[in-house]
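**Student:** What follows is target.pdb, made up of PDB, C-alpha atoms:
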```
ATOM      1  CA  MET P   1     117.091  89.407  78.149
ATOM      2  CA  ARG P   2     119.854  89.726  75.605
ATOM      3  CA  LEU P   3     119.755  90.490  71.933
ATOM      4  CA  VAL P   4     122.119  88.631  69.655
ATOM      5  CA  ARG P   5     123.605  90.746  66.942
ATOM      6  CA  TYR P   6     122.654  89.690  63.440
ATOM      7  CA  ASN P   7     125.743  88.759  61.480
ATOM      8  CA  HIS P   8     125.532  89.606  57.860
ATOM      9  CA  PRO P   9     126.934  86.747  55.749
ATOM     10  CA  LEU P  10     129.379  89.212  54.221
ATOM     11  CA  SER P  11     130.392  90.658  57.546
ATOM     12  CA  ARG P  12     133.788  88.977  57.405
ATOM     13  CA  PHE P  13     134.621  91.170  54.445
ATOM     14  CA  TYR P  14     134.685  94.266  56.506
ATOM     15  CA  THR P  15     135.672  95.053  60.035
ATOM     16  CA  PRO P  16     132.979  97.136  61.695
ATOM     17  CA  SER P  17     134.531 100.168  63.292
ATOM     18  CA  PRO P  18     133.248 101.258  66.718
ATOM     19  CA  ALA P  19     131.724 104.300  65.051
ATOM     20  CA  PHE P  20     129.664 101.986  62.862
ATOM     21  CA  GLN P  21     128.289  99.994  65.800
ATOM     22  CA  THR P  22     127.367 102.716  68.240
ATOM     23  CA  PRO P  23     124.181 104.004  66.582
ATOM     24  CA  TRP P  24     122.502 100.677  67.320
ATOM     25  CA  SER P  25     123.729  99.962  70.808
ATOM     26  CA  GLY P  26     121.368 102.547  72.274
ATOM     27  CA  LEU P  27     118.434 101.025  70.440
ATOM     28  CA  GLU P  28     119.402  97.526  71.539
ATOM     29  CA  ASN P  29     119.527  98.633  75.157
ATOM     30  CA  GLU P  30     116.150 100.287  74.800
ATOM     31  CA  ILE P  31     114.603  97.167  73.265
ATOM     32  CA  SER P  32     115.951  94.851  75.945
ATOM     33  CA  ARG P  33     114.777  97.286  78.617
ATOM     34  CA  LEU P  34     111.307  97.222  77.039
ATOM     35  CA  PHE P  35     111.278  93.423  77.048
ATOM     36  CA  ASP P  36     112.363  93.397  80.669
ATOM     37  CA  SER P  37     109.562  95.765  81.602
ATOM     38  CA  VAL P  38     106.948  93.434  80.110
ATOM     39  CA  VAL P  39     108.430  90.016  80.801
ATOM     40  CA  GLY P  40     110.036  91.140  84.036
ATOM     41  CA  ASP P  41     106.853  91.274  86.067
ATOM     42  CA  PHE P  42     106.374  87.520  86.051
ATOM     43  CA  ASN P  43     106.954  86.734  89.721
ATOM     44  CA  THR P  44     109.219  89.732  90.148
ATOM     45  CA  ALA P  45     109.254  89.575  93.906
ATOM     46  CA  SER P  46     109.938  85.882  94.252
ATOM     47  CA  VAL P  47     112.635  85.506  91.628
ATOM     48  CA  THR P  48     114.707  88.629  92.026
ATOM     49  CA  ASN P  49     115.665  90.461  95.168
ATOM     50  CA  ARG P  50     114.366  93.743  93.809
ATOM     51  CA  PHE P  51     111.097  95.286  94.905
ATOM     52  CA  PRO P  52     109.098  98.182  93.445
ATOM     53  CA  VAL P  53     110.046 101.620  94.688
ATOM     54  CA  ASP P  54     108.263 104.968  94.177
ATOM     55  CA  LEU P  55     109.696 108.425  94.761
ATOM     56  CA  TYR P  56     107.592 111.471  95.689
ATOM     57  CA  GLU P  57     108.271 114.962  96.935
ATOM     58  CA  ASP P  58     106.349 117.763  98.533
ATOM     59  CA  GLN P  59     107.604 121.199  99.573
ATOM     60  CA  GLU P  60     109.406 119.957 102.683
ATOM     61  CA  ASN P  61     110.208 116.291 102.123
ATOM     62  CA  TYR P  62     111.090 113.541  99.737
ATOM     63  CA  PHE P  63     109.192 110.299 100.197
ATOM     64  CA  VAL P  64     110.269 106.825  99.131
ATOM     65  CA  ARG P  65     107.595 104.125  99.134
ATOM     66  CA  ALA P  66     108.676 100.514  98.777
ATOM     67  CA  GLU P  67     106.463  97.457  98.463
ATOM     68  CA  LEU P  68     107.858  94.932 100.923
ATOM     69  CA  PRO P  69     105.052  92.547 101.872
ATOM     70  CA  GLY P  70     105.578  90.018 104.628
ATOM     71  CA  VAL P  71     108.734  91.372 106.192
ATOM     72  CA  ASP P  72     109.258  91.719 109.922
ATOM     73  CA  ARG P  73     109.907  95.319 111.037
ATOM     74  CA  ALA P  74     113.093  94.188 112.766
ATOM     75  CA  ASP P  75     114.415  92.776 109.496
ATOM     76  CA  ILE P  76     114.151  96.071 107.592
ATOM     77  CA  ASN P  77     117.279  98.166 107.487
ATOM     78  CA  VAL P  78     117.211 101.709 106.076
ATOM     79  CA  GLU P  79     120.367 103.796 105.750
ATOM     80  CA  VAL P  80     121.471 106.955 103.981
ATOM     81  CA  VAL P  81     124.944 106.882 102.484
ATOM     82  CA  GLU P  82     125.850 110.135 100.756
ATOM     83  CA  ASP P  83     123.206 110.577  98.018
ATOM     84  CA  PHE P  84     121.832 107.065  98.260
ATOM     85  CA  LEU P  85     119.077 105.595 100.340
ATOM     86  CA  ASN P  86     119.745 101.907 100.875
ATOM     87  CA  ILE P  87     116.891  99.632 101.876
ATOM     88  CA  THR P  88     117.726  96.060 102.806
ATOM     89  CA  ALA P  89     115.309  93.537 104.224
ATOM     90  CA  SER P  90     114.974  89.819 104.698
ATOM     91  CA  ARG P  91     111.778  87.892 104.310
ATOM     92  CA  LYS P  92     111.532  84.769 106.429
ATOM     93  CA  THR P  93     109.093  82.080 105.487
ATOM     94  CA  LYS P  94     108.374  78.983 107.516
ATOM     95  CA  ASP P  95     107.669  75.770 105.747
ATOM     96  CA  GLY P  96     107.019  73.185 108.397
ATOM     97  CA  ASP P  97     110.272  72.898 110.335
ATOM     98  CA  GLN P  98     112.356  74.571 107.676
ATOM     99  CA  GLU P  99     112.839  78.299 107.726
ATOM    100  CA  GLN P 100     113.804  80.043 104.521
ATOM    101  CA  SER P 101     115.154  83.536 104.258
ATOM    102  CA  TYR P 102     115.244  85.755 101.183
ATOM    103  CA  SER P 103     117.250  88.916 101.245
ATOM    104  CA  LEU P 104     115.944  91.954  99.420
ATOM    105  CA  SER P 105     117.831  95.123  98.728
ATOM    106  CA  ARG P 106     117.419  98.301  96.790
ATOM    107  CA  SER P 107     119.364 101.499  96.493
ATOM    108  CA  VAL P 108     117.655 104.746  95.523
ATOM    109  CA  ASN P 109     119.492 107.865  94.438
ATOM    110  CA  VAL P 110     118.067 110.806  96.385
ATOM    111  CA  ALA P 111     118.916 114.469  96.030
ATOM    112  CA  ASP P 112     121.887 115.733  98.051
ATOM    113  CA  ASN P 113     119.783 118.366  99.842
ATOM    114  CA  VAL P 114     118.425 115.839 102.341
ATOM    115  CA  GLN P 115     118.845 116.145 106.117
ATOM    116  CA  ALA P 116     120.264 112.666 106.581
ATOM    117  CA  ASP P 117     119.980 112.771 110.379
ATOM    118  CA  LYS P 118     116.216 113.432 110.284
ATOM    119  CA  VAL P 119     115.171 110.590 107.997
ATOM    120  CA  SER P 120     112.292 108.511 109.347
ATOM    121  CA  ALA P 121     110.493 105.403 108.138
ATOM    122  CA  GLN P 122     107.263 103.605 108.818
ATOM    123  CA  TYR P 123     105.948 100.236 107.746
ATOM    124  CA  GLU P 124     102.250  99.629 107.191
ATOM    125  CA  ASN P 125     100.321  96.950 105.268
ATOM    126  CA  GLY P 126     103.499  95.687 103.672
ATOM    127  CA  VAL P 127     104.549  99.094 102.356
ATOM    128  CA  LEU P 128     107.568 100.953 103.721
ATOM    129  CA  THR P 129     107.425 104.759 103.570
ATOM    130  CA  VAL P 130     110.676 106.636 104.156
ATOM    131  CA  THR P 131     110.453 110.394 104.770
ATOM    132  CA  LEU P 132     113.557 112.413 103.900
ATOM    133  CA  PRO P 133     113.259 116.062 104.997
ATOM    134  CA  LYS P 134     114.831 118.609 102.662
ATOM    135  CA  LYS P 135     117.473 120.999 103.942
ATOM    136  CA  GLU P 136     116.240 124.462 104.874
ATOM    137  CA  GLU P 137     117.836 126.197 101.896
ATOM    138  CA  ALA P 138     116.214 123.758  99.492
ATOM    139  CA  LYS P 139     112.674 124.607 100.603
ATOM    140  CA  PRO P 140     110.861 127.220  98.576
ATOM    141  CA  ARG P 141     110.839 130.359 100.635
ATOM    142  CA  LYS P 142     107.978 132.784 100.764
ATOM    143  CA  ILE P 143     108.634 136.263 102.089
ATOM    144  CA  ALA P 144     105.761 138.624 102.645
ATOM    145  CA  VAL P 145     106.663 142.192 101.792
ATOM    146  CA  SER P 146     104.512 144.884 103.297
ATOM    147  CA  VAL P 147     103.571 147.660 100.918
ATOM    148  CA  ASN P 148     103.157 151.087 102.442
TER
ATOM    149  CA  MET T   1     103.890 117.555  60.978
ATOM    150  CA  PRO T   2     100.645 116.715  62.842
ATOM    151  CA  LEU T   3     100.969 113.147  61.564
ATOM    152  CA  PHE T   4     104.525 112.957  62.799
ATOM    153  CA  ASN T   5     103.523 114.240  66.215
ATOM    154  CA  SER T   6     100.795 111.648  66.519
ATOM    155  CA  LEU T   7     103.353 108.944  65.759
ATOM    156  CA  ILE T   8     105.628 110.265  68.469
ATOM    157  CA  SER T   9     102.936 109.955  71.106
ATOM    158  CA  ASN T  10     102.570 106.295  70.115
ATOM    159  CA  PHE T  11     106.271 105.761  70.775
ATOM    160  CA  ASN T  12     105.788 106.934  74.322
ATOM    161  CA  ARG T  13     102.996 104.504  75.026
ATOM    162  CA  THR T  14     103.870 101.939  77.662
ATOM    163  CA  PRO T  15     103.397  98.291  76.722
ATOM    164  CA  ALA T  16      99.951  97.020  77.597
ATOM    165  CA  SER T  17     100.008  95.378  81.003
ATOM    166  CA  ARG T  18      98.888  91.814  81.256
ATOM    167  CA  GLN T  19      95.440  91.338  82.655
ATOM    168  CA  SER T  20      94.120  88.343  84.435
ATOM    169  CA  GLU T  21      91.687  86.360  82.382
ATOM    170  CA  GLN T  22      87.943  87.041  82.434
ATOM    171  CA  SER T  23      88.253  90.219  84.448
ATOM    172  CA  SER T  24      86.218  93.181  83.343
ATOM    173  CA  SER T  25      88.288  95.922  84.952
ATOM    174  CA  PRO T  26      92.068  96.158  84.637
ATOM    175  CA  SER T  27      93.923  94.451  87.432
ATOM    176  CA  ARG T  28      97.247  92.949  88.277
ATOM    177  CA  ARG T  29      97.966  89.367  89.218
ATOM    178  CA  PRO T  30      99.793  89.301  92.553
ATOM    179  CA  VAL T  31     102.738  87.099  93.434
ATOM    180  CA  TYR T  32     101.350  83.927  95.016
ATOM    181  CA  ASP T  33     102.096  80.332  95.789
ATOM    182  CA  VAL T  34     100.000  77.285  96.584
ATOM    183  CA  LYS T  35     101.020  74.406  98.838
ATOM    184  CA  GLU T  36      99.252  71.154  99.504
ATOM    185  CA  THR T  37      99.136  69.112 102.680
ATOM    186  CA  ASP T  38      97.073  65.995 103.466
ATOM    187  CA  ASP T  39      94.078  67.964 104.749
ATOM    188  CA  ALA T  40      94.339  71.430 103.235
ATOM    189  CA  TRP T  41      95.553  73.743 100.518
ATOM    190  CA  GLY T  42      97.614  76.704 101.642
ATOM    191  CA  VAL T  43      97.634  79.814  99.463
ATOM    192  CA  THR T  44     100.030  82.680 100.131
ATOM    193  CA  VAL T  45      99.415  85.921  98.211
ATOM    194  CA  HIS T  46     101.532  89.082  98.314
ATOM    195  CA  LEU T  47      99.200  92.098  98.491
ATOM    196  CA  PRO T  48     101.285  95.130  99.485
ATOM    197  CA  GLY T  49      99.194  98.161 100.441
ATOM    198  CA  VAL T  50      95.938  96.233 100.797
ATOM    199  CA  THR T  51      93.979  96.434 104.042
ATOM    200  CA  LYS T  52      91.417  94.006 105.420
ATOM    201  CA  GLU T  53      88.587  96.372 104.455
ATOM    202  CA  ASN T  54      89.701  96.495 100.818
ATOM    203  CA  LEU T  55      90.102  92.766 100.364
ATOM    204  CA  SER T  56      87.422  90.424  99.130
ATOM    205  CA  ILE T  57      87.631  86.668  98.792
ATOM    206  CA  THR T  58      84.798  84.884  97.034
ATOM    207  CA  ASP T  59      84.307  81.297  96.001
ATOM    208  CA  GLU T  60      81.830  80.732  93.223
ATOM    209  CA  ASP T  61      81.373  78.016  90.605
ATOM    210  CA  GLY T  62      84.694  76.409  91.301
ATOM    211  CA  THR T  63      86.640  79.659  91.102
ATOM    212  CA  LEU T  64      88.242  81.247  94.104
ATOM    213  CA  LYS T  65      88.571  84.960  93.480
ATOM    214  CA  ILE T  66      90.805  87.200  95.550
ATOM    215  CA  ARG T  67      90.551  90.923  94.884
ATOM    216  CA  GLY T  68      92.391  93.609  96.797
ATOM    217  CA  GLU T  69      92.150  97.346  96.217
ATOM    218  CA  ARG T  70      95.075  99.490  97.236
ATOM    219  CA  SER T  71      94.016 101.709 100.101
ATOM    220  CA  TRP T  72      96.769 104.323  99.748
ATOM    221  CA  LYS T  73      96.096 107.404  97.691
ATOM    222  CA  GLN T  74      98.721 109.954  96.758
ATOM    223  CA  PRO T  75      98.162 112.892  99.155
ATOM    224  CA  ALA T  76      97.542 116.346  97.713
ATOM    225  CA  GLY T  77     100.785 118.282  97.479
ATOM    226  CA  TRP T  78     102.885 115.215  96.739
ATOM    227  CA  THR T  79     104.544 115.171  93.337
ATOM    228  CA  ASN T  80     105.505 111.852  91.826
ATOM    229  CA  LEU T  81     109.129 111.859  90.660
ATOM    230  CA  TYR T  82     109.600 108.191  89.840
ATOM    231  CA  ARG T  83     107.226 105.261  89.884
ATOM    232  CA  GLU T  84     107.561 101.497  89.673
ATOM    233  CA  SER T  85     104.511 100.284  91.550
ATOM    234  CA  SER T  86     101.058 100.161  90.028
ATOM    235  CA  GLU T  87      97.770 101.611  91.210
ATOM    236  CA  LEU T  88      95.766  98.778  89.705
ATOM    237  CA  PRO T  89      93.943  96.495  92.132
ATOM    238  CA  PHE T  90      95.269  92.995  92.652
ATOM    239  CA  GLN T  91      93.165  90.158  91.363
ATOM    240  CA  LEU T  92      93.820  86.458  91.474
ATOM    241  CA  GLU T  93      91.475  83.765  90.196
ATOM    242  CA  LEU T  94      92.174  80.174  91.069
ATOM    243  CA  ASP T  95      90.083  77.382  89.585
ATOM    244  CA  HIS T  96      89.428  74.312  91.656
ATOM    245  CA  ASP T  97      87.267  71.204  91.347
ATOM    246  CA  ASN T  98      85.020  71.991  94.353
ATOM    247  CA  ALA T  99      87.098  69.712  96.526
ATOM    248  CA  ILE T 100      87.530  72.393  99.177
ATOM    249  CA  ASP T 101      85.397  73.040 102.197
ATOM    250  CA  ALA T 102      84.808  76.783 101.808
ATOM    251  CA  GLU T 103      82.850  76.935 105.064
ATOM    252  CA  LYS T 104      85.981  76.069 107.043
ATOM    253  CA  ALA T 105      88.402  78.260 105.096
ATOM    254  CA  VAL T 106      90.572  80.523 107.213
ATOM    255  CA  ALA T 107      92.138  83.745 105.901
ATOM    256  CA  GLU T 108      94.664  85.971 107.590
ATOM    257  CA  LEU T 109      96.113  89.243 106.259
ATOM    258  CA  ASN T 110      99.317  90.444 107.829
ATOM    259  CA  ASP T 111     101.773  93.099 106.590
ATOM    260  CA  GLY T 112     100.495  92.804 103.044
ATOM    261  CA  VAL T 113     100.597  88.998 102.937
ATOM    262  CA  LEU T 114      97.398  86.961 102.748
ATOM    263  CA  ARG T 115      97.553  83.424 104.078
ATOM    264  CA  LEU T 116      94.606  81.321 103.132
ATOM    265  CA  SER T 117      93.942  77.841 104.416
ATOM    266  CA  LEU T 118      91.403  75.871 102.408
ATOM    267  CA  PRO T 119      90.561  72.550 104.052
ATOM    268  CA  LYS T 120      89.926  69.721 101.648
ATOM    269  CA  ALA T 121      86.380  68.422 101.547
ATOM    270  CA  GLU T 122      85.888  65.326 103.703
ATOM    271  CA  SER T 123      85.143  63.169 100.687
ATOM    272  CA  ARG T 124      88.532  64.014  99.131
ATOM    273  CA  LYS T 125      90.722  63.257 102.121
ATOM    274  CA  PRO T 126      92.767  60.089 101.950
ATOM    275  CA  ARG T 127      90.783  57.366 103.668
ATOM    276  CA  LYS T 128      91.751  53.981 104.886
ATOM    277  CA  ILE T 129      89.276  51.308 104.057
ATOM    278  CA  ALA T 130      88.911  48.573 106.616
ATOM    279  CA  ILE T 131      88.791  45.074 105.312
ATOM    280  CA  ALA T 132      85.961  43.110 106.702
TER
END
```
Translate the structure described by the file into structure tokens.

**Tutor:**
Amino acid sequence: MRLVRYNHPLSRFYTPSPAFQTPWSGLENEISRLFDSVVGDFNTASVTNRFPVDLYEDQENYFVRAELPGVDRADINVEVVEDFLNITASRKTKDGDQEQSYSLSRSVNVADNVQADKVSAQYENGVLTVTLPKKEEAKPRKIAVSVN
Amino acid sequence: MPLFNSLISNFNRTPASRQSEQSSSPSRRPVYDVKETDDAWGVTVHLPGVTKENLSITDEDGTLKIRGERSWKQPAGWTNLYRESSELPFQLELDHDNAIDAEKAVAELNDGVLRLSLPKAESRKPRKIAIA
């Protein structure tokens, strides 16, 4: 989706300065994003290599849920690189003798207070759930104080 | 000011999601594809998060209806930070001309993918006519 700027017939008589253009660029981006959000869900999974991702948290963990139907567990690759959780997967479909493979990938920005070495993932009914435990200092702490 | 505030809430409204035709409750049309061989139709439907128990396939009046409810519910204590998926059930309606043999249909749900094999009715299969 791309918007084409309307050219006023008299536009050649003045040179638009960058300061004149900027107020609209934000609006244009917003409009094209809106169009993408409506038009974009036509066959999202089959046309693009993106897949829907949700992010949740509770007191101890962050959770990333990704809709990845029809992917073999062995073909899902989850890795944490600095603040990003990268999910890559390939979906193999057999059509008679021919085997086709689509690669899917998504990168999610997660908070930096994640214990990267304790991240776990499970795949069920075509949905991948990644659990990212928070670091100790990030958890809300509750200290009981005894009153004499 | 109250008028202005009511306008602002309209700005935040998300665009209405498309609904599949003739459905009473809101639903989402899943990604699917249909293939044809000499003796059957093969339908592949992507239904992430749908279990066997929450899936219904009915064939009535020339319409094959596939409806899958999402079985996962957000557990208590989980806060949603960012969301792209939808909670709406999946629904797909495919019209056909009764040329399928629904009795012999085979369905298989695996890792969120439904594979449906709908054999063509005997009368519609290609037939060689012997010349007397």

**Student:** Please identify all residues of chain P having at least one atom at most 6 Å from any atom of chain T, considering all atoms listed in the file, and return them as a ChimeraX atom specification.

**Tutor:** /P:43,52-58,67,69-70,125-127

**Student:** I'd like the box whose edges run along x, y and z of the file and which contains every listed atom of range 103-115 of chain T, padded by 6 Å per side; could you state its centre and edge lengths in Å, one decimal, as JSON?

**Tutor:**
```
{"center_x": 92.3, "center_y": 84.6, "center_z": 105.3, "size_x": 30.9, "size_y": 29.0, "size_z": 17.1}
```

**Student:** On this structure, the PyMOL selection byres ((chain T and resi 118) around 8) would catch which residues? List them as a list in words, sorted by chain and number.

**Tutor:** Ala40, Trp41, Gly42, Val43, Ile100, Asp101, Ala102, Lys104, Ala105, Val106, Leu116, Ser117, Pro119 and Lys120 of chain T

**Student:** Enumerate, as a PDB file with C-alpha atoms, keeping the file's coordinate frame, the residues matched when the PyMOL selection byres ((chain P and resi 76-90) around 8) is run on the file above.

**Tutor:**
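expr.pdb, freshly written:
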```pdb
ATOM      1  CA  VAL P  71     108.734  91.372 106.192  1.00  0.00           C
ATOM      2  CA  ASP P  72     109.258  91.719 109.922  1.00  0.00           C
ATOM      3  CA  ARG P  73     109.907  95.319 111.037  1.00  0.00           C
ATOM      4  CA  ALA P  74     113.093  94.188 112.766  1.00  0.00           C
ATOM      5  CA  ASP P  75     114.415  92.776 109.496  1.00  0.00           C
ATOM      6  CA  ARG P  91     111.778  87.892 104.310  1.00  0.00           C
ATOM      7  CA  LYS P  92     111.532  84.769 106.429  1.00  0.00           C
ATOM      8  CA  SER P 101     115.154  83.536 104.258  1.00  0.00           C
ATOM      9  CA  TYR P 102     115.244  85.755 101.183  1.00  0.00           C
ATOM     10  CA  SER P 103     117.250  88.916 101.245  1.00  0.00           C
ATOM     11  CA  LEU P 104     115.944  91.954  99.420  1.00  0.00           C
ATOM     12  CA  SER P 105     117.831  95.123  98.728  1.00  0.00           C
ATOM     13  CA  ARG P 106     117.419  98.301  96.790  1.00  0.00           C
ATOM     14  CA  SER P 107     119.364 101.499  96.493  1.00  0.00           C
ATOM     15  CA  VAL P 108     117.655 104.746  95.523  1.00  0.00           C
ATOM     16  CA  ASN P 109     119.492 107.865  94.438  1.00  0.00           C
ATOM     17  CA  VAL P 110     118.067 110.806  96.385  1.00  0.00           C
ATOM     18  CA  ALA P 111     118.916 114.469  96.030  1.00  0.00           C
ATOM     19  CA  ASP P 112     121.887 115.733  98.051  1.00  0.00           C
ATOM     20  CA  ALA P 116     120.264 112.666 106.581  1.00  0.00           C
ATOM     21  CA  ALA P 121     110.493 105.403 108.138  1.00  0.00           C
TER      22      ALA P 121
END
```

**Student:** For the structure shown, which residues end up in the PyMOL selection byres ((chain T and resi 67) around 6)? Put them as a list in words, please?

**Tutor:**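 For this structure, the PyMOL selection byres ((chain T and resi 67) around 6) captures Leu55, Ser56, Ile66, Gly68, Phe90 and Gln91 of chain T.
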
**Student:** Neighbourhood query: residues within 10 Å of (84.2, 76.5, 91.4), file coordinates, counting all atoms listed in the file; return as number ranges by chain.

**Tutor:** T: 59-65, 94-100

**Student:** Find the distance between CA of Pro89 in chain T and CA of Gln122 in chain P and write it in Å to one decimal.

**Tutor:**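 CA of Gln122 in chain P lies at a distance of 22.5 Å from CA of Pro89 in chain T.
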